[in-house]
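Here is query_1.csv, consisting of CSV, C-alpha atoms:
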chain,number,residue,atom,x,y,z
K,1,PRO,CA,-40.5,38.1,-28.2
K,2,GLY,CA,-37.4,39.3,-26.4
K,3,GLY,CA,-36.4,38.6,-22.9
K,4,ASN,CA,-34.0,38.0,-20.2
K,5,PRO,CA,-32.4,34.7,-19.1
K,6,HIS,CA,-34.3,32.0,-21.0
K,7,CYS,CA,-37.6,33.5,-21.9
K,8,GLY,CA,-39.7,30.9,-23.6
K,9,VAL,CA,-42.7,31.3,-25.8
K,10,ARG,CA,-44.6,28.1,-25.5
K,11,HIS,CA,-47.5,29.0,-27.9
K,12,CYS,CA,-48.3,32.1,-29.9
K,13,ALA,CA,-51.3,32.9,-32.0
K,14,ALA,CA,-52.1,35.4,-34.6
K,15,GLY,CA,-55.5,34.6,-35.8
K,16,ALA,CA,-58.5,35.7,-37.8
K,17,ARG,CA,-61.8,35.3,-36.1
K,18,GLY,CA,-61.9,35.0,-32.3
K,19,ALA,CA,-60.1,32.1,-30.7
K,20,GLY,CA,-58.9,31.1,-27.4
K,21,PRO,CA,-55.7,29.6,-26.1
K,22,THR,CA,-53.8,27.4,-28.5
K,23,GLY,CA,-51.5,26.2,-25.8
K,24,ARG,CA,-52.4,24.6,-22.5
K,25,GLY,CA,-55.9,26.0,-22.5
K,26,GLY,CA,-56.8,23.4,-25.1
K,27,THR,CA,-59.1,23.5,-28.1
K,28,ALA,CA,-62.4,23.4,-26.1
K,29,GLY,CA,-61.5,26.7,-24.4
K,30,ALA,CA,-60.6,28.1,-27.8
K,31,ARG,CA,-63.9,27.2,-29.4
K,32,GLN,CA,-65.8,28.6,-26.5
K,33,ARG,CA,-64.2,32.0,-26.6
K,34,ALA,CA,-64.5,32.0,-30.4
K,35,ARG,CA,-68.2,31.8,-30.1
K,36,GLU,CA,-68.2,34.6,-27.6
K,37,ASP,CA,-66.0,36.7,-29.8
K,38,GLN,CA,-68.3,36.2,-32.8
K,39,ALA,CA,-71.4,37.3,-30.8
K,40,TYR,CA,-69.5,40.3,-29.5
K,41,SER,CA,-68.3,41.4,-32.9
K,42,ARG,CA,-71.7,41.4,-34.5
K,43,GLU,CA,-72.8,44.2,-32.1
K,44,GLY,CA,-70.1,46.6,-33.3
K,45,ARG,CA,-69.4,48.7,-36.4
K,46,LYS,CA,-66.7,48.4,-39.0
K,47,TYR,CA,-63.5,50.3,-38.7
K,48,SER,CA,-62.3,51.0,-42.2
K,49,GLY,CA,-58.7,51.8,-41.1
K,50,MET,CA,-58.1,48.4,-39.5
K,51,GLY,CA,-59.5,46.8,-42.6
K,52,LYS,CA,-56.5,48.1,-44.6
K,53,MET,CA,-54.0,46.3,-42.3
K,54,ARG,CA,-52.6,42.9,-43.3
K,55,VAL,CA,-49.9,40.8,-41.7
K,56,SER,CA,-48.0,38.1,-43.6
K,57,THR,CA,-44.9,37.4,-41.4
K,58,VAL,CA,-44.3,36.7,-37.7
K,59,ALA,CA,-41.0,37.9,-36.3
K,60,LEU,CA,-39.4,37.1,-33.0
K,61,VAL,CA,-37.3,40.0,-31.8
K,62,ALA,CA,-35.3,39.5,-28.6
K,63,ALA,CA,-32.7,41.2,-26.5
K,64,GLY,CA,-30.8,39.2,-23.9
K,65,LEU,CA,-31.5,35.5,-23.1
K,66,ALA,CA,-34.8,34.0,-24.2
K,67,ALA,CA,-36.6,30.9,-25.4
K,68,PHE,CA,-39.7,30.9,-27.6
K,69,ALA,CA,-42.1,28.0,-28.3
K,70,GLY,CA,-45.4,28.1,-30.3
K,71,ILE,CA,-46.9,30.6,-32.7
K,72,ALA,CA,-50.3,30.5,-34.4
K,73,ALA,CA,-53.0,32.4,-36.2
K,74,VAL,CA,-56.4,30.9,-35.4
K,75,ASP,CA,-60.0,31.1,-36.8
K,76,ALA,CA,-63.2,30.2,-35.0
K,77,ASP,CA,-62.8,26.5,-35.7
K,78,VAL,CA,-59.2,26.6,-34.2
K,79,ASN,CA,-57.8,26.2,-37.7
K,80,ALA,CA,-54.6,28.3,-37.5
K,81,ALA,CA,-53.6,30.7,-40.2
K,82,PHE,CA,-50.2,30.2,-38.5
K,83,PHE,CA,-49.3,27.8,-35.8
K,84,GLU,CA,-45.9,26.9,-34.5
K,85,SER,CA,-45.4,24.3,-31.8
K,86,PHE,CA,-41.6,24.4,-32.1
K,87,GLY,CA,-41.3,20.7,-32.4
K,88,SER,CA,-38.4,19.0,-34.1
K,89,PRO,CA,-38.6,19.8,-37.0
K,90,THR,CA,-40.5,23.1,-36.6
K,91,ASP,CA,-43.9,23.5,-38.3
K,92,HIS,CA,-42.6,26.4,-40.3
K,93,GLU,CA,-39.3,27.5,-41.7
K,94,TRP,CA,-37.7,30.1,-39.4
K,95,VAL,CA,-34.8,32.2,-40.6
K,96,ASN,CA,-32.4,34.2,-38.5
K,97,SER,CA,-31.9,37.7,-39.7
K,98,ALA,CA,-28.6,38.5,-41.4
K,99,ASP,CA,-28.7,42.1,-40.3
K,100,GLU,CA,-25.8,43.2,-38.2
K,101,VAL,CA,-28.0,44.7,-35.5
K,102,PHE,CA,-29.0,41.1,-34.6
K,103,ASN,CA,-25.8,39.7,-33.2
K,104,GLY,CA,-27.3,36.6,-31.7
K,105,VAL,CA,-28.8,33.4,-33.3
K,106,VAL,CA,-31.9,31.7,-31.8
K,107,GLU,CA,-31.7,28.0,-31.1
K,108,LEU,CA,-34.3,25.3,-31.1
K,109,LYS,CA,-34.1,23.6,-27.8
K,110,ASP,CA,-36.5,21.8,-25.4
K,111,GLY,CA,-39.6,22.6,-27.4
K,112,GLY,CA,-38.9,26.2,-27.9
K,113,PHE,CA,-36.7,28.9,-29.4
K,114,VAL,CA,-33.9,29.9,-27.1
K,115,THR,CA,-31.7,33.0,-27.2
K,116,PRO,CA,-28.8,31.6,-25.3
K,117,TYR,CA,-26.5,34.6,-24.6
K,118,PRO,CA,-27.1,37.8,-22.6
K,119,ALA,CA,-26.5,41.3,-24.0
K,120,ARG,CA,-27.3,40.3,-27.5
K,121,ARG,CA,-30.1,41.0,-29.9
K,122,TYR,CA,-32.0,38.3,-31.7
K,123,GLY,CA,-34.3,38.4,-34.7
K,124,ALA,CA,-35.9,35.5,-36.6
K,125,SER,CA,-39.0,35.4,-38.7
K,126,SER,CA,-41.3,33.0,-40.6
K,127,LYS,CA,-43.8,33.8,-43.3
K,128,ILE,CA,-47.6,33.2,-42.9
K,129,ALA,CA,-49.0,31.2,-45.9
K,130,HIS,CA,-51.9,33.7,-46.4
K,131,PRO,CA,-52.0,37.3,-45.1
K,132,VAL,CA,-54.2,37.9,-42.1
K,133,LYS,CA,-56.5,40.8,-42.7
K,134,PHE,CA,-57.7,43.1,-40.0
K,135,GLY,CA,-61.1,44.6,-39.7
K,136,GLU,CA,-63.3,41.8,-41.1
K,137,LYS,CA,-63.1,39.3,-38.2
K,138,PRO,CA,-61.7,39.2,-34.7
K,139,VAL,CA,-57.9,38.7,-34.8
K,140,VAL,CA,-56.2,36.8,-32.0
K,141,LEU,CA,-52.5,37.1,-31.3
K,142,GLN,CA,-51.2,34.7,-28.7
K,143,TYR,CA,-48.0,33.2,-27.3
K,144,GLU,CA,-46.4,31.7,-24.2
K,145,VAL,CA,-43.1,32.9,-22.8
K,146,HIS,CA,-41.0,31.5,-20.0
K,147,PHE,CA,-38.3,33.6,-18.3
K,148,SER,CA,-36.5,30.7,-16.6
K,149,LYS,CA,-33.9,32.9,-15.0
K,150,GLY,CA,-36.2,35.7,-14.1
K,151,HIS,CA,-37.3,38.8,-16.0
K,152,THR,CA,-35.1,41.8,-15.2
K,153,CYS,CA,-34.6,44.4,-17.9
K,154,SER,CA,-35.8,43.4,-21.3
K,155,GLY,CA,-38.7,43.1,-23.7
K,156,GLY,CA,-40.4,40.0,-25.0
K,157,TYR,CA,-42.2,41.0,-28.1
K,158,LEU,CA,-43.7,39.4,-31.1
K,159,LYS,CA,-43.9,41.5,-34.2
K,160,PHE,CA,-46.5,40.8,-36.9
K,161,LEU,CA,-45.0,42.3,-40.0
K,162,SER,CA,-47.0,44.2,-42.6
K,163,ALA,CA,-47.8,42.2,-45.7
K,164,ASP,CA,-45.0,42.5,-48.3
K,165,ALA,CA,-44.6,40.0,-51.1
K,166,ALA,CA,-41.0,41.0,-51.5
K,167,PHE,CA,-40.0,40.5,-47.9
K,168,GLU,CA,-37.3,37.9,-47.3
K,169,PRO,CA,-36.8,36.7,-43.7
K,170,GLU,CA,-33.1,37.1,-43.7
K,171,SER,CA,-33.5,40.8,-44.5
K,172,LEU,CA,-35.4,41.4,-41.2
K,173,THR,CA,-34.2,44.6,-39.4
K,174,ASP,CA,-35.4,46.6,-36.4
K,175,LYS,CA,-36.9,49.0,-39.0
K,176,THR,CA,-38.9,46.4,-41.0
K,177,PRO,CA,-42.5,47.7,-41.1
K,178,TYR,CA,-45.0,45.9,-38.8
K,179,SER,CA,-48.7,46.1,-38.2
K,180,VAL,CA,-48.8,44.9,-34.6
K,181,MET,CA,-46.2,44.6,-31.9
K,182,PHE,CA,-47.3,42.8,-28.7
K,183,GLY,CA,-45.6,41.5,-25.6
K,184,PRO,CA,-44.2,42.2,-22.1
K,185,ASP,CA,-41.5,44.8,-21.4
K,186,LYS,CA,-39.9,45.3,-18.0
K,187,CYS,CA,-37.0,47.4,-16.8
K,188,GLY,CA,-36.7,48.7,-13.2
K,189,SER,CA,-40.1,49.9,-11.9
K,190,SER,CA,-41.5,50.0,-15.5
K,191,ASP,CA,-43.5,46.8,-16.1
K,192,LYS,CA,-46.1,46.5,-18.9
K,193,VAL,CA,-47.6,44.5,-21.7
K,194,HIS,CA,-47.3,46.6,-24.8
K,195,LEU,CA,-49.9,46.6,-27.6
K,196,ILE,CA,-48.7,48.8,-30.4
K,197,ILE,CA,-50.5,49.2,-33.7
K,198,ARG,CA,-48.7,50.8,-36.6
K,199,TYR,CA,-51.4,52.7,-38.5
K,200,LYS,CA,-51.5,54.6,-41.8
K,201,ASP,CA,-53.2,57.9,-41.6
K,202,GLN,CA,-55.8,57.9,-44.3
K,203,LYS,CA,-55.4,61.7,-44.9
K,204,THR,CA,-51.6,62.2,-44.8
K,205,GLY,CA,-50.6,58.7,-45.8
K,206,GLU,CA,-47.9,58.7,-43.0
K,207,TYR,CA,-47.5,55.8,-40.6
K,208,GLU,CA,-47.7,56.3,-36.8
K,209,GLU,CA,-47.4,54.0,-33.8
K,210,LYS,CA,-50.5,53.9,-31.7
K,211,HIS,CA,-49.7,52.7,-28.1
K,212,LEU,CA,-52.1,51.3,-25.6
K,213,ALA,CA,-51.8,54.1,-23.0
K,214,ALA,CA,-52.7,52.2,-19.8
K,215,ALA,CA,-50.8,49.1,-20.6
K,216,PRO,CA,-51.3,46.3,-18.0
K,217,PRO,CA,-48.5,44.8,-16.0
K,218,SER,CA,-46.7,41.8,-17.5
K,219,GLY,CA,-47.1,39.6,-14.5
K,220,THR,CA,-43.5,38.6,-14.5
K,221,MET,CA,-42.6,40.7,-11.4
K,222,GLU,CA,-44.4,38.2,-9.2
K,223,MET,CA,-42.3,35.3,-10.5
K,224,GLY,CA,-39.6,35.6,-7.8
K,225,ALA,CA,-37.3,32.6,-7.5
K,226,ALA,CA,-39.6,30.2,-9.4
K,227,PRO,CA,-40.4,31.8,-12.8
K,228,LYS,CA,-43.6,30.6,-14.5
K,229,THR,CA,-44.6,30.3,-18.1
K,230,LYS,CA,-46.9,33.3,-19.0
K,231,LEU,CA,-49.5,33.2,-21.7
K,232,TYR,CA,-50.1,36.5,-23.5
K,233,THR,CA,-53.1,37.2,-25.7
K,234,ALA,CA,-54.3,40.2,-27.7
K,235,VAL,CA,-57.6,40.3,-29.5
K,236,LEU,CA,-58.5,43.0,-32.0
K,237,TYR,CA,-62.2,43.1,-32.9
K,238,PRO,CA,-63.9,44.6,-36.0
K,239,ASP,CA,-66.0,46.9,-33.9
K,240,ASN,CA,-62.8,48.8,-32.9
K,241,THR,CA,-62.4,47.2,-29.5
K,242,TYR,CA,-59.6,45.1,-28.0
K,243,LYS,CA,-58.7,42.8,-25.2
K,244,VAL,CA,-55.3,42.1,-23.6
K,245,LEU,CA,-55.1,38.9,-21.5
K,246,VAL,CA,-52.4,37.5,-19.3
K,247,ASP,CA,-52.8,33.8,-18.4
K,248,GLN,CA,-56.3,33.8,-19.9
K,249,VAL,CA,-57.4,36.7,-17.5
K,250,VAL,CA,-58.5,39.9,-19.1
K,251,GLN,CA,-56.1,42.7,-17.9
K,252,SER,CA,-57.2,45.5,-20.3
K,253,GLU,CA,-60.1,46.0,-22.6
K,254,GLY,CA,-61.8,48.9,-24.3
K,255,SER,CA,-62.0,51.0,-27.4
K,256,LEU,CA,-59.2,51.6,-29.9
K,257,PHE,CA,-60.5,55.1,-30.2
K,258,ASP,CA,-60.4,55.9,-26.5
K,259,ASP,CA,-57.4,53.9,-25.1
K,260,PHE,CA,-54.6,54.5,-27.5
K,261,GLU,CA,-52.1,57.4,-27.9
K,262,PRO,CA,-51.8,59.2,-30.2
K,263,SER,CA,-55.5,58.8,-30.9
K,264,PHE,CA,-56.7,57.0,-34.1
K,265,ILE,CA,-59.2,59.9,-34.4
K,266,PRO,CA,-57.7,63.4,-35.0
K,267,PRO,CA,-58.8,66.1,-32.6
K,268,LYS,CA,-61.6,68.4,-33.7
K,269,MET,CA,-59.4,71.4,-33.0
K,270,ILE,CA,-55.7,71.7,-33.6
K,271,ASP,CA,-53.2,74.6,-33.3
K,272,ASP,CA,-52.6,76.6,-36.4
K,273,PRO,CA,-48.8,76.8,-36.7
K,274,GLU,CA,-49.1,79.9,-38.9
K,275,ASP,CA,-51.3,81.8,-36.5
K,276,SER,CA,-49.8,84.8,-34.6
K,277,LYS,CA,-51.1,87.6,-32.4
K,278,PRO,CA,-51.9,90.9,-34.0
K,279,ALA,CA,-49.4,93.7,-33.3
K,280,ASP,CA,-51.9,95.5,-31.0
K,281,TRP,CA,-53.0,92.4,-29.1
K,282,VAL,CA,-53.4,92.9,-25.3
K,283,ASP,CA,-53.0,89.8,-23.1
K,284,GLU,CA,-55.0,91.1,-20.1
K,285,PRO,CA,-58.5,89.6,-20.0
K,286,LYS,CA,-60.0,92.9,-18.9
K,287,ILE,CA,-58.8,96.5,-19.3
K,288,PRO,CA,-60.4,99.9,-18.2
K,289,ASP,CA,-62.7,101.5,-20.7
K,290,PRO,CA,-61.3,105.0,-21.3
K,291,GLU,CA,-64.7,106.2,-22.6
K,292,ALA,CA,-66.7,105.0,-19.5
K,293,THR,CA,-68.2,107.6,-17.2
K,294,LYS,CA,-70.4,107.5,-14.1
K,295,PRO,CA,-74.1,108.5,-14.4
K,296,ASP,CA,-75.0,111.9,-13.0
K,297,ASP,CA,-77.0,110.3,-10.1
K,298,TRP,CA,-74.2,108.0,-9.1
K,299,ASP,CA,-73.9,107.8,-5.3
K,300,GLU,CA,-70.6,106.5,-4.0
K,301,ASP,CA,-72.0,106.2,-0.5
K,302,ALA,CA,-75.0,104.0,-1.5
K,303,PRO,CA,-74.8,100.3,-0.5
K,304,ARG,CA,-74.1,97.8,-3.2
K,305,MET,CA,-77.4,96.1,-2.6
K,306,ILE,CA,-80.7,97.6,-1.4
K,307,PRO,CA,-84.1,96.0,-0.6
K,308,ASP,CA,-86.6,95.8,-3.4
K,309,PRO,CA,-89.7,97.7,-2.2
K,310,ASP,CA,-91.9,95.8,-4.6
K,311,ALA,CA,-90.7,92.3,-3.7
K,312,THR,CA,-93.3,90.0,-2.0
K,313,LYS,CA,-93.2,86.4,-0.8
K,314,PRO,CA,-95.0,83.8,-3.0

Starting from the file, lay out its structure as C-alpha cells.
Amino acid sequence: PGGNPHCGVRHCAAGARGAGPTGRGGTAGARQRAREDQAYSREGRKYSGMGKMRVSTVALVAAGLAAFAGIAAVDADVNAAFFESFGSPTDHEWVNSADEVFNGVVELKDGGFVTPYPARRYGASSKIAHPVKFGEKPVVLQYEVHFSKGHTCSGGYLKFLSADAAFEPESLTDKTPYSVMFGPDKCGSSDKVHLIIRYKDQKTGEYEEKHLAAAPPSGTMEMGAAPKTKLYTAVLYPDNTYKVLVDQVVQSEGSLFDDFEPSFIPPKMIDDPEDSKPADWVDEPKIPDPEATKPDDWDEDAPRMIPDPDATKP
C-alpha cells in the first residue's frame, strides 16, 4: 500500500478459498463468509484464464507517508497461505527494495509498517511460502490501512506479484510483474479503490492490465480531522465474479467479463487496420438513380394517399 501521512495497514489477506476478515472482524466472521463463498462458487463456471495466474510474493508499494500492519492469505478454515501481523519480530521476512526509484525505507513501528517521510517512494516485499493459484478456489486479498494524518493525494496499494522462483525481494521495482494490484487511490476529486488484474492474453501472449471500470470510493474522504482505520477486501471467485468491500461492506460486485476495462473477452467485431475505401466509394447514403424514369401514367397533381375503394371495416 501507499499513502499519505501515516497510512497503516493493520491486516491484509491474500487467500485461497473464501475467507472473511483476518483483522478485527475475528475468525468467526471469516469462517461464516468462507462458507458463503464456497456455496456461491459452486454455482459458477470455471474461468481458464484466471486459473493460469499464480502469486508468490506480496509487495508493499507506497508514496508519501504511510504505515502498514498485517498481511495474509486465507483458506476456508482461516489457515493463511500468508499472514502478517507486523508484530516484533514480524511473521515473515520483509526486504526493502534496493532499486533507486524507492528512495524511502519502511519502518516497523506500533504494530505496523510506517513510511515516515513525505514525497518519497517506498517498496518492500515478502515471499509467500507456496504460490496462491487463481481459478480453483475463491481468493481473498485483504488488509487494513490507517491514514493518521489524513489522505490527500496518494495511493495505498498492495501488489501481489506473479509467481517467479527467481525473484529476490531486494530487486523489486515499479516494473516487477504482478497478478493483482488492489487498494485505495485519492487525489483531488478522484477517489477510488482500484482492483487491477494483469492478464495474459491466451491468443497473443501479451499481458494487459484489466481495471475495474466503476471503482468504488475509498471511504477516506469522510475521515476529516479524525482518520479511521479502513479495512479493504477483494474477493475473486472461480465463476468469474468478484467483490470489493470497504470495512466489511460490499461496495462493488459483479462479473469480471462485464465490469473490467479493457474487457477480458475480445469484441466480436474489430476494425481492420488494412481496410480502405475503394477509389470510387461514395459517402452519401442515398444518391439519385440516373436510370430512373417516371411511369407514363404518373400524375404530379395526384395526392400522395387516396382512399382504398375496396377497404371495409372488420

For CA of Tyr178 in chain K and CA of Ser162 in chain K, quote the distance in Å rounded to one decimal.
->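 These two atoms are separated by 4.6 Å.
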
Could you please determine the separation between CA of Lys200 in chain K and CA of Phe257 in chain K in Å, to one decimal place?
->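 These two atoms are separated by 14.7 Å.
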
Contacts of range 187-191 of chain K at 10 Å (all atoms listed in the file; same-chain gap of 5+ positions) as a PyMOL selection string = chain K and resi 151-155+215-221

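Between CA of Gln248 in chain K and CA of Ala234 in chain K the interatomic distance comes to 10.3 Å.
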
Each range 216-302 of chain K residue no farther than 9 Å from range 130-135 of chain K, nearest pair in Å, only C-alpha atoms, as a tab-separated table:
residue	atom	partner	partner_atom	distance
K:Leu236	CA	K:Phe134	CA	8.0
K:Tyr237	CA	K:Gly135	CA	7.0
K:Pro238	CA	K:Gly135	CA	4.6
K:Asp239	CA	K:Gly135	CA	7.9
K:Asn240	CA	K:Gly135	CA	8.2
